[in-house]
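K.L.:
Input file: my_file-v6.tsv. Contents: TSV, C-alpha atoms and all ligand atoms.
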```
chain	number	residue	atom	x	y	z
A	1184	MET	CA	-1.25	50.74	84.33
A	1185	ALA	CA	-3.51	47.78	83.59
A	1186	LEU	CA	-6.70	49.36	84.85
A	1187	GLU	CA	-9.04	52.12	83.75
A	1188	GLN	CA	-11.77	53.47	86.00
A	1189	ILE	CA	-14.84	54.66	84.08
A	1190	ARG	CA	-17.79	56.53	85.57
A	1191	VAL	CA	-21.21	55.44	84.26
A	1192	GLY	CA	-24.79	56.33	85.19
A	1193	GLN	CA	-25.16	58.63	88.15
A	1194	ASP	CA	-22.27	57.42	90.31
A	1195	ASN	CA	-21.34	53.88	89.23
A	1196	PHE	CA	-17.87	52.78	88.24
A	1197	SER	CA	-17.14	50.26	85.50
A	1198	TYR	CA	-13.55	49.11	84.96
A	1199	VAL	CA	-11.41	47.94	82.09
A	1200	ILE	CA	-8.60	45.57	83.06
A	1201	TYR	CA	-6.14	45.03	80.22
A	1202	CYS	CA	-2.78	43.62	79.20
A	1203	GLU	CA	-0.71	46.03	77.14
A	1204	ARG	CA	1.36	43.26	75.52
A	1205	THR	CA	-1.37	40.83	74.43
A	1206	LYS	CA	-4.15	43.46	74.11
A	1207	LYS	CA	-6.54	41.19	76.02
A	1208	ALA	CA	-9.11	42.86	78.26
A	1209	ALA	CA	-11.94	42.40	80.74
A	1210	ILE	CA	-14.75	44.78	81.63
A	1211	VAL	CA	-15.89	44.77	85.25
A	1212	ASP	CA	-19.53	45.64	86.09
A	1213	PRO	CA	-21.07	46.92	82.84
A	1214	GLY	CA	-24.15	48.60	84.33
A	1215	PHE	CA	-26.13	51.48	82.83
A	1216	ASP	CA	-24.21	51.94	79.61
A	1217	GLY	CA	-21.74	49.22	78.64
A	1218	SER	CA	-20.87	51.12	75.48
A	1219	VAL	CA	-18.78	53.51	77.59
A	1220	PRO	CA	-16.24	50.92	78.88
A	1221	MET	CA	-16.56	49.16	75.50
A	1222	LYS	CA	-15.40	52.35	73.78
A	1223	ALA	CA	-12.33	52.36	76.04
A	1224	VAL	CA	-11.65	48.76	74.95
A	1225	SER	CA	-12.02	49.66	71.25
A	1226	ASP	CA	-10.02	52.90	71.51
A	1227	ARG	CA	-7.07	50.96	72.93
A	1228	GLY	CA	-7.36	48.25	70.27
A	1229	LEU	CA	-8.10	45.59	72.90
A	1230	SER	CA	-10.06	42.36	72.54
A	1231	LEU	CA	-12.63	41.62	75.24
A	1232	GLU	CA	-12.16	38.20	76.86
A	1233	TYR	CA	-14.23	38.50	80.03
A	1234	ILE	CA	-17.14	40.44	81.52
A	1235	ILE	CA	-16.74	40.17	85.29
A	1236	ASN	CA	-19.58	40.95	87.71
A	1237	THR	CA	-18.68	41.78	91.33
A	1238	HIS	CA	-22.32	40.99	92.23
A	1239	HIS	CA	-25.74	40.55	90.63
A	1240	HIS	CA	-27.33	44.00	91.12
A	1241	GLY	CA	-28.63	45.50	87.87
A	1242	ASP	CA	-26.47	48.61	88.04
A	1243	HIS	CA	-23.44	46.28	87.74
A	1244	THR	CA	-24.76	43.76	85.22
A	1245	SER	CA	-27.42	45.31	82.95
A	1246	ASP	CA	-25.27	45.39	79.80
A	1247	ASN	CA	-23.72	41.93	80.23
A	1248	GLN	CA	-25.61	40.36	77.35
A	1249	LYS	CA	-25.16	43.30	74.99
A	1250	LEU	CA	-21.38	43.16	75.39
A	1251	LYS	CA	-21.33	39.37	75.18
A	1252	ASP	CA	-23.34	39.43	71.92
A	1253	ALA	CA	-21.03	42.06	70.45
A	1254	THR	CA	-17.72	40.46	71.43
A	1255	GLY	CA	-18.21	36.81	72.43
A	1256	ALA	CA	-16.63	37.56	75.80
A	1257	ARG	CA	-17.41	35.18	78.69
A	1258	ILE	CA	-19.42	36.36	81.69
A	1259	VAL	CA	-17.76	35.64	85.03
A	1260	ALA	CA	-19.37	35.71	88.50
A	1261	SER	CA	-19.30	33.81	91.77
A	1262	LYS	CA	-21.44	30.69	91.97
A	1263	ILE	CA	-23.95	32.33	94.34
A	1264	GLU	CA	-24.34	35.54	92.32
A	1265	SER	CA	-24.54	33.58	89.07
A	1266	ARG	CA	-27.97	32.23	90.08
A	1267	ARG	CA	-29.32	35.76	90.30
A	1268	ILE	CA	-27.77	37.23	87.18
A	1269	GLY	CA	-30.35	37.23	84.40
A	1270	SER	CA	-28.06	36.55	81.46
A	1271	GLY	CA	-26.16	33.26	81.48
A	1272	VAL	CA	-22.88	33.22	83.37
A	1273	ASP	CA	-20.20	31.26	81.51
A	1274	LEU	CA	-17.65	30.88	84.26
A	1275	GLU	CA	-18.36	30.55	87.99
A	1276	VAL	CA	-15.47	31.48	90.26
A	1277	GLU	CA	-14.67	30.82	93.90
A	1278	ASN	CA	-12.49	32.41	96.54
A	1279	GLY	CA	-8.81	32.12	95.61
A	1280	ASP	CA	-9.41	31.43	91.91
A	1281	THR	CA	-7.34	33.39	89.40
A	1282	LEU	CA	-8.22	34.65	85.96
A	1283	GLN	CA	-5.50	35.38	83.46
A	1284	ILE	CA	-6.00	38.32	81.11
A	1285	GLY	CA	-2.87	38.09	78.99
A	1286	ASP	CA	-0.05	38.83	81.44
A	1287	VAL	CA	-2.40	40.33	84.03
A	1288	GLU	CA	-3.49	38.15	86.92
A	1289	VAL	CA	-6.87	38.72	88.58
A	1290	LYS	CA	-7.33	37.00	91.93
A	1291	ILE	CA	-10.87	36.42	93.21
A	1292	LEU	CA	-11.61	37.32	96.81
A	1293	LEU	CA	-15.04	36.37	98.15
A	1294	THR	CA	-16.37	39.42	100.04
A	1295	PRO	CA	-20.09	38.89	100.74
A	1296	GLY	CA	-22.20	41.09	103.02
A	1297	HIS	CA	-23.74	43.53	100.55
A	1298	THR	CA	-24.97	40.47	98.64
A	1299	GLU	CA	-24.63	36.77	99.43
A	1300	GLY	CA	-21.80	36.03	97.00
A	1301	GLY	CA	-20.14	39.34	96.14
A	1302	ILE	CA	-16.51	39.26	95.05
A	1303	SER	CA	-13.58	41.66	95.06
A	1304	LEU	CA	-10.76	41.46	92.52
A	1305	ILE	CA	-7.04	41.81	93.17
A	1306	VAL	CA	-5.44	42.91	89.91
A	1307	ASP	CA	-1.71	42.19	89.51
A	1308	SER	CA	-1.23	42.53	93.31
A	1309	ALA	CA	-1.65	46.30	92.80
A	1310	PHE	CA	-5.35	47.17	92.56
A	1311	LEU	CA	-8.34	46.04	94.62
A	1312	ILE	CA	-11.73	46.34	92.92
A	1313	THR	CA	-14.28	46.10	95.73
A	1314	GLY	CA	-17.67	46.37	93.96
A	1315	ASP	CA	-20.25	47.39	96.55
A	1316	THR	CA	-18.48	45.65	99.44
A	1317	MET	CA	-16.43	48.74	100.22
A	1318	PHE	CA	-16.43	52.34	99.04
A	1319	ILE	CA	-13.94	55.09	99.77
A	1320	GLY	CA	-14.90	56.01	103.35
A	1321	ASP	CA	-17.76	53.51	103.74
A	1322	CYS	CA	-19.12	50.06	102.90
A	1323	GLY	CA	-22.13	48.87	100.91
A	1324	ARG	CA	-25.55	48.63	102.51
A	1325	CYS	CA	-26.44	45.35	104.17
A	1326	ASP	CA	-30.22	45.76	104.34
A	1327	LEU	CA	-31.08	44.58	100.84
A	1328	PRO	CA	-32.03	40.92	100.12
A	1329	GLY	CA	-28.96	38.74	100.69
A	1330	GLY	CA	-27.20	41.44	102.70
A	1331	ASP	CA	-25.87	40.65	106.18
A	1332	ILE	CA	-23.86	42.99	108.39
A	1333	LYS	CA	-22.25	40.07	110.26
A	1334	VAL	CA	-20.96	38.66	106.98
A	1335	MET	CA	-19.93	42.18	105.90
A	1336	PHE	CA	-17.82	42.55	109.05
A	1337	THR	CA	-15.94	39.34	108.20
A	1338	SER	CA	-15.38	40.54	104.61
A	1339	LEU	CA	-14.08	43.91	105.82
A	1340	GLN	CA	-11.69	42.11	108.15
A	1341	ARG	CA	-10.51	40.06	105.17
A	1342	ILE	CA	-9.88	43.27	103.21
A	1343	LYS	CA	-8.13	44.77	106.23
A	1344	GLY	CA	-5.67	41.87	106.11
A	1345	LEU	CA	-4.51	42.81	102.60
A	1346	SER	CA	-1.47	44.94	101.74
A	1347	ASP	CA	-1.57	48.68	102.50
A	1348	ASP	CA	-0.13	49.32	99.04
A	1349	LEU	CA	-3.19	48.07	97.14
A	1350	ILE	CA	-5.21	50.85	95.55
A	1351	VAL	CA	-8.92	50.49	96.28
A	1352	TYR	CA	-11.27	50.95	93.32
A	1353	PRO	CA	-14.92	50.86	94.47
A	1354	GLY	CA	-18.21	50.17	92.67
A	1355	HIS	CA	-19.60	53.66	93.26
A	1356	ASP	CA	-18.18	57.16	93.39
A	1357	TYR	CA	-19.42	57.89	96.91
A	1358	GLY	CA	-16.19	59.11	98.51
A	1359	PRO	CA	-14.31	62.42	98.42
A	1360	ILE	CA	-11.87	60.81	95.94
A	1361	PRO	CA	-12.51	58.07	93.34
A	1362	HIS	CA	-9.80	55.67	94.63
A	1363	ASP	CA	-7.37	55.46	97.52
A	1364	ALA	CA	-4.53	53.39	98.96
A	1365	LEU	CA	-5.87	50.63	101.22
A	1366	GLY	CA	-3.38	51.73	103.90
A	1367	ASN	CA	-5.01	55.14	103.97
A	1368	GLN	CA	-8.48	53.60	104.10
A	1369	LYS	CA	-7.42	51.46	107.07
A	1370	ARG	CA	-6.58	54.69	108.90
A	1371	THR	CA	-9.58	56.76	107.79
A	1372	ASN	CA	-12.51	54.58	106.71
A	1373	LYS	CA	-14.88	54.17	109.67
A	1374	VAL	CA	-16.04	50.72	108.58
A	1375	LEU	CA	-12.46	49.40	108.42
A	1376	MET	CA	-11.67	51.08	111.73
A	1377	ALA	CA	-14.56	49.28	113.46
A	1378	LYS	CA	-12.97	46.64	115.69
A	1379	SER	CA	-16.10	44.60	116.35
A	1380	LEU	CA	-19.45	43.74	114.77
A	1381	GLU	CA	-21.05	45.81	117.50
A	1382	GLU	CA	-18.96	48.83	116.53
A	1383	LEU	CA	-19.78	48.34	112.85
A	1384	SER	CA	-23.49	48.04	113.63
A	1385	LYS	CA	-23.47	51.45	115.32
A	1386	ILE	CA	-22.13	53.25	112.23
A	1401	FE	FE	-25.03	46.68	94.76
```
Could you rewrite the structure in this file as structure tokens?

P.N.:
Amino acid sequence: MALEQIRVGQDNFSYVIYCERTKKAAIVDPGFDGSVPMKAVSDRGLSLEYIINTHHHGDHTSDNQKLKDATGARIVASKIESRRIGSGVDLEVENGDTLQIGDVEVKILLTPGHTEGGISLIVDSAFLITGDTMFIGDCGRCDLPGGDIKVMFTSLQRIKGLSDDLIVYPGHDYGPIPHDALGNQKRTNKVLMAKSLEELSKI
């Protein structure tokens, strides 16, 4: 297990990705209270290398700087989201890029639609962190600035093309369960089941 899901705020999820051998770690989306995922990092004796933001919204980024100041970790975001994140992003990533956290490989998948440059993360070909692109049973809203349902449809199709065995870890605890196999979501999640933009728009 190289991933820990941590509930923060009302219904947000932060994540700790870590390598057991090298003790290197990354925190994904430190919104609300970054001290909670940071405690998980400290309790496991890990050193924080990266702070990764799936997108720029404050509930996913508000404790970026606090964690960076405390640890010297580098903030990572897509080029588009980086412009909107208040604290300085150190590393801009693009679709297909990989980040190495010790032995753990994190692949960047561009999945805009909720925001203009949102990313999902494929961790060790086993876990899929979706941010606010997709939740268990739903997808993120597309009516905020930078949101676009047409773009969201394309991103959902991209996710639909991934392996059934990936376990989906979303940005919010909106579903009946906190995570689920992508194969199961393909069969049950209405937004993944939508075969056309028109169908998605009606949901
Ligand atoms: Fe969001």

K.L.:
Name the closest residue to ligand FE 1401 (chain A) among the candidates A:Val1374, A:Val1334, A:Leu1293, A:Cys1325; distances are taken between atoms, counting all atoms listed in the file.

P.N.:
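Closest to ligand FE 1401 (chain A) of all the choices is A:Cys1325.
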
K.L.:
Could you pull out the residues sitting within 9 Å of ligand FE 1401 (chain A), using only C-alpha atoms and all ligand atoms, and write them as a PyMOL selection string?

P.N.:
chain A and resi 1237-1243+1297-1298+1301+1314-1316+1323-1324+1327+1354-1355

K.L.:
Counting only C-alpha atoms, which residues have an atom no more than 6 Å from (-16.0, 33.8, 97.0) in the file's coordinates? Please list them as a VMD selection string.

P.N.:
chain A and resid 1277 to 1278 1292 to 1293 1302

K.L.:
At a cut-off of 6 Å from (-23.7, 41.0, 111.9) in the coordinates of the file, what residues are picked up using only C-alpha atoms, written as a list in words?

P.N.:
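Selection result: Ile1332, Lys1333 and Leu1380 of chain A.
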
K.L.:
Find the residues near Leu1345 in chain A: any atom within 12 Å, counting all atoms listed in the file, skip ones fewer than 6 places away on the same chain, and give them as a ChimeraX atom specification.

P.N.:
/A:1292,1303-1305,1308-1311,1338-1339,1351,1364-1366,1368-1369,1375

K.L.:
Between CA of Ile1268 in chain A and CA of Ala1223 in chain A, measure the distance and give it in Å to one decimal.

P.N.:
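It comes out at 24.3 Å.
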
K.L.:
Given the choices A:Ile1350, A:Ile1319, A:Thr1294, A:Leu1274, which gets closest to Met1335 in chain A if the distance is worked out from all atoms listed in the file?

P.N.:
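Between A:Ile1350, A:Ile1319, A:Thr1294, A:Leu1274, the residue approaching Met1335 in chain A most closely is A:Thr1294.
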
K.L.:
Just how far from CA of Cys1322 in chain A is CA of Gly1271 in chain A, in Å to one decimal?

P.N.:
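Rounded to one decimal, the two atoms are 28.1 Å apart.
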
K.L.:
Grab the CA of Gly1279 in chain A to CA of Leu1383 in chain A distance for me, in Å with one decimal place.

P.N.:
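Computed distance, CA of Gly1279 in chain A to CA of Leu1383 in chain A, equals 26.1 Å.
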
K.L.:
Which is closest to Gly1285 in chain A among A:Phe1336, A:Tyr1233, A:Tyr1201, A:Tyr1357, if we use all atoms listed in the file?

P.N.:
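Of A:Phe1336, A:Tyr1233, A:Tyr1201, A:Tyr1357, the one nearest Gly1285 in chain A, counting all atoms listed in the file, is A:Tyr1201.
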
K.L.:
Quick one: residues within 8 Å of range 1203-1213 of chain A, all atoms listed in the file, excluding same-chain residues fewer than 3 positions away - as number ranges by chain?

P.N.:
A: 1185, 1196-1200, 1216-1217, 1220-1221, 1224, 1228-1237, 1242-1247, 1284-1286

K.L.:
Return the single residue from A:Phe1215, A:Asp1307, A:Ser1346, A:Ser1225 that is closest to Thr1254 in chain A, with distances computed using all atoms listed in the file.

P.N.:
A:Ser1225

K.L.:
As AutoDock Vina command-line options, please report the centre and edge lengths, rounded to one decimal in Å, of the axis-aligned box that holds all listed atoms of range 1206-1215 of chain A with 3 Å of padding on each of the six sides.

P.N.:
```
--center_x -15.1 --center_y 46.3 --center_z 80.1 --size_x 28.0 --size_y 16.3 --size_z 18.0
```

K.L.:
In terms of the shortest atom-to-atom distance over all atoms listed in the file, which of A:Asp1363, A:Asp1280, A:Asp1331, A:Asp1326 is closest to Glu1299 in chain A?

P.N.:
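With all atoms listed in the file as the atom set, the closest residue is A:Asp1331.
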
K.L.:
Ranking A:Pro1361, A:Thr1337, A:Arg1257, A:Asp1356 by minimum distance to Lys1378 in chain A and counting all atoms listed in the file, which one comes first?

P.N.:
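Looking at the shortest contact to Lys1378 in chain A, the residue is A:Thr1337.
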
K.L.:
Is it possible to produce a file of range 1339-1373 of chain A from this structure, with N, CA and C atoms, as a PDB file, in the first residue's frame?

P.N.:
```
ATOM      1  N   LEU A1339     -13.755  12.224 -19.098  1.00  0.00           N
ATOM      2  CA  LEU A1339     -14.393  11.001 -18.579  1.00  0.00           C
ATOM      3  C   LEU A1339     -14.170   9.831 -19.533  1.00  0.00           C
ATOM      4  N   GLN A1340     -14.181  10.123 -20.830  1.00  0.00           N
ATOM      5  CA  GLN A1340     -13.903   9.067 -21.809  1.00  0.00           C
ATOM      6  C   GLN A1340     -12.464   8.570 -21.651  1.00  0.00           C
ATOM      7  N   ARG A1341     -11.575   9.514 -21.364  1.00  0.00           N
ATOM      8  CA  ARG A1341     -10.157   9.156 -21.153  1.00  0.00           C
ATOM      9  C   ARG A1341     -10.034   8.233 -19.933  1.00  0.00           C
ATOM     10  N   ILE A1342     -10.755   8.562 -18.870  1.00  0.00           N
ATOM     11  CA  ILE A1342     -10.737   7.738 -17.654  1.00  0.00           C
ATOM     12  C   ILE A1342     -11.349   6.369 -17.945  1.00  0.00           C
ATOM     13  N   LYS A1343     -12.405   6.386 -18.747  1.00  0.00           N
ATOM     14  CA  LYS A1343     -13.101   5.142 -19.100  1.00  0.00           C
ATOM     15  C   LYS A1343     -12.176   4.174 -19.851  1.00  0.00           C
ATOM     16  N   GLY A1344     -11.181   4.722 -20.522  1.00  0.00           N
ATOM     17  CA  GLY A1344     -10.235   3.897 -21.279  1.00  0.00           C
ATOM     18  C   GLY A1344      -9.165   3.247 -20.403  1.00  0.00           C
ATOM     19  N   LEU A1345      -9.135   3.582 -19.130  1.00  0.00           N
ATOM     20  CA  LEU A1345      -8.109   3.027 -18.232  1.00  0.00           C
ATOM     21  C   LEU A1345      -8.543   1.661 -17.686  1.00  0.00           C
ATOM     22  N   SER A1346      -7.601   0.969 -17.075  1.00  0.00           N
ATOM     23  CA  SER A1346      -7.839  -0.397 -16.589  1.00  0.00           C
ATOM     24  C   SER A1346      -8.926  -0.464 -15.509  1.00  0.00           C
ATOM     25  N   ASP A1347      -9.782  -1.486 -15.627  1.00  0.00           N
ATOM     26  CA  ASP A1347     -10.837  -1.733 -14.633  1.00  0.00           C
ATOM     27  C   ASP A1347     -10.270  -1.933 -13.232  1.00  0.00           C
ATOM     28  N   ASP A1348      -9.036  -2.395 -13.157  1.00  0.00           N
ATOM     29  CA  ASP A1348      -8.448  -2.761 -11.865  1.00  0.00           C
ATOM     30  C   ASP A1348      -7.978  -1.566 -11.034  1.00  0.00           C
ATOM     31  N   LEU A1349      -7.874  -0.398 -11.671  1.00  0.00           N
ATOM     32  CA  LEU A1349      -7.463   0.793 -10.899  1.00  0.00           C
ATOM     33  C   LEU A1349      -8.495   1.092  -9.818  1.00  0.00           C
ATOM     34  N   ILE A1350      -8.025   1.520  -8.670  1.00  0.00           N
ATOM     35  CA  ILE A1350      -8.951   1.926  -7.607  1.00  0.00           C
ATOM     36  C   ILE A1350      -9.060   3.455  -7.633  1.00  0.00           C
ATOM     37  N   VAL A1351     -10.280   3.924  -7.777  1.00  0.00           N
ATOM     38  CA  VAL A1351     -10.526   5.366  -7.889  1.00  0.00           C
ATOM     39  C   VAL A1351     -10.556   6.007  -6.501  1.00  0.00           C
ATOM     40  N   TYR A1352      -9.733   7.048  -6.342  1.00  0.00           N
ATOM     41  CA  TYR A1352      -9.700   7.825  -5.096  1.00  0.00           C
ATOM     42  C   TYR A1352     -10.042   9.276  -5.438  1.00  0.00           C
ATOM     43  N   PRO A1353     -11.249   9.725  -5.088  1.00  0.00           N
ATOM     44  CA  PRO A1353     -11.712  11.056  -5.509  1.00  0.00           C
ATOM     45  C   PRO A1353     -11.286  12.186  -4.581  1.00  0.00           C
ATOM     46  N   GLY A1354     -11.606  13.427  -4.987  1.00  0.00           N
ATOM     47  CA  GLY A1354     -11.243  14.614  -4.214  1.00  0.00           C
ATOM     48  C   GLY A1354     -12.230  14.949  -3.105  1.00  0.00           C
ATOM     49  N   HIS A1355     -13.417  14.362  -3.180  1.00  0.00           N
ATOM     50  CA  HIS A1355     -14.424  14.582  -2.135  1.00  0.00           C
ATOM     51  C   HIS A1355     -15.111  13.268  -1.788  1.00  0.00           C
ATOM     52  N   ASP A1356     -15.596  13.213  -0.554  1.00  0.00           N
ATOM     53  CA  ASP A1356     -16.299  12.017  -0.077  1.00  0.00           C
ATOM     54  C   ASP A1356     -17.800  12.175  -0.346  1.00  0.00           C
ATOM     55  N   TYR A1357     -18.166  12.153  -1.626  1.00  0.00           N
ATOM     56  CA  TYR A1357     -19.558  12.376  -2.003  1.00  0.00           C
ATOM     57  C   TYR A1357     -20.322  11.073  -2.260  1.00  0.00           C
ATOM     58  N   GLY A1358     -19.610   9.973  -2.390  1.00  0.00           N
ATOM     59  CA  GLY A1358     -20.266   8.720  -2.785  1.00  0.00           C
ATOM     60  C   GLY A1358     -20.673   7.882  -1.590  1.00  0.00           C
ATOM     61  N   PRO A1359     -21.315   6.742  -1.848  1.00  0.00           N
ATOM     62  CA  PRO A1359     -21.700   5.839  -0.763  1.00  0.00           C
ATOM     63  C   PRO A1359     -20.479   5.157  -0.130  1.00  0.00           C
ATOM     64  N   ILE A1360     -19.382   5.091  -0.861  1.00  0.00           N
ATOM     65  CA  ILE A1360     -18.127   4.524  -0.353  1.00  0.00           C
ATOM     66  C   ILE A1360     -16.985   5.482  -0.709  1.00  0.00           C
ATOM     67  N   PRO A1361     -15.884   5.467   0.043  1.00  0.00           N
ATOM     68  CA  PRO A1361     -14.833   6.473  -0.196  1.00  0.00           C
ATOM     69  C   PRO A1361     -13.958   6.202  -1.425  1.00  0.00           C
ATOM     70  N   HIS A1362     -13.919   4.970  -1.894  1.00  0.00           N
ATOM     71  CA  HIS A1362     -13.147   4.616  -3.101  1.00  0.00           C
ATOM     72  C   HIS A1362     -13.752   3.377  -3.715  1.00  0.00           C
ATOM     73  N   ASP A1363     -13.417   3.135  -4.991  1.00  0.00           N
ATOM     74  CA  ASP A1363     -14.052   2.001  -5.678  1.00  0.00           C
ATOM     75  C   ASP A1363     -13.199   1.593  -6.878  1.00  0.00           C
ATOM     76  N   ALA A1364     -13.338   0.346  -7.296  1.00  0.00           N
ATOM     77  CA  ALA A1364     -12.637  -0.112  -8.500  1.00  0.00           C
ATOM     78  C   ALA A1364     -13.220   0.624  -9.712  1.00  0.00           C
ATOM     79  N   LEU A1365     -12.334   1.034 -10.623  1.00  0.00           N
ATOM     80  CA  LEU A1365     -12.803   1.748 -11.819  1.00  0.00           C
ATOM     81  C   LEU A1365     -13.775   0.872 -12.622  1.00  0.00           C
ATOM     82  N   GLY A1366     -13.520  -0.428 -12.658  1.00  0.00           N
ATOM     83  CA  GLY A1366     -14.417  -1.341 -13.380  1.00  0.00           C
ATOM     84  C   GLY A1366     -15.839  -1.249 -12.852  1.00  0.00           C
ATOM     85  N   ASN A1367     -15.963  -1.154 -11.553  1.00  0.00           N
ATOM     86  CA  ASN A1367     -17.285  -1.043 -10.936  1.00  0.00           C
ATOM     87  C   ASN A1367     -17.917   0.310 -11.248  1.00  0.00           C
ATOM     88  N   GLN A1368     -17.092   1.360 -11.241  1.00  0.00           N
ATOM     89  CA  GLN A1368     -17.602   2.689 -11.595  1.00  0.00           C
ATOM     90  C   GLN A1368     -18.067   2.732 -13.048  1.00  0.00           C
ATOM     91  N   LYS A1369     -17.365   2.024 -13.924  1.00  0.00           N
ATOM     92  CA  LYS A1369     -17.792   2.002 -15.335  1.00  0.00           C
ATOM     93  C   LYS A1369     -19.184   1.392 -15.474  1.00  0.00           C
ATOM     94  N   ARG A1370     -19.509   0.487 -14.567  1.00  0.00           N
ATOM     95  CA  ARG A1370     -20.823  -0.185 -14.636  1.00  0.00           C
ATOM     96  C   ARG A1370     -21.908   0.558 -13.862  1.00  0.00           C
ATOM     97  N   THR A1371     -21.524   1.436 -12.934  1.00  0.00           N
ATOM     98  CA  THR A1371     -22.525   2.033 -12.033  1.00  0.00           C
ATOM     99  C   THR A1371     -22.559   3.560 -12.009  1.00  0.00           C
ATOM    100  N   ASN A1372     -21.477   4.202 -12.401  1.00  0.00           N
ATOM    101  CA  ASN A1372     -21.421   5.668 -12.310  1.00  0.00           C
ATOM    102  C   ASN A1372     -22.091   6.277 -13.538  1.00  0.00           C
ATOM    103  N   LYS A1373     -23.168   7.022 -13.317  1.00  0.00           N
ATOM    104  CA  LYS A1373     -23.971   7.557 -14.431  1.00  0.00           C
ATOM    105  C   LYS A1373     -23.158   8.418 -15.401  1.00  0.00           C
TER     106      LYS A1373
END
```
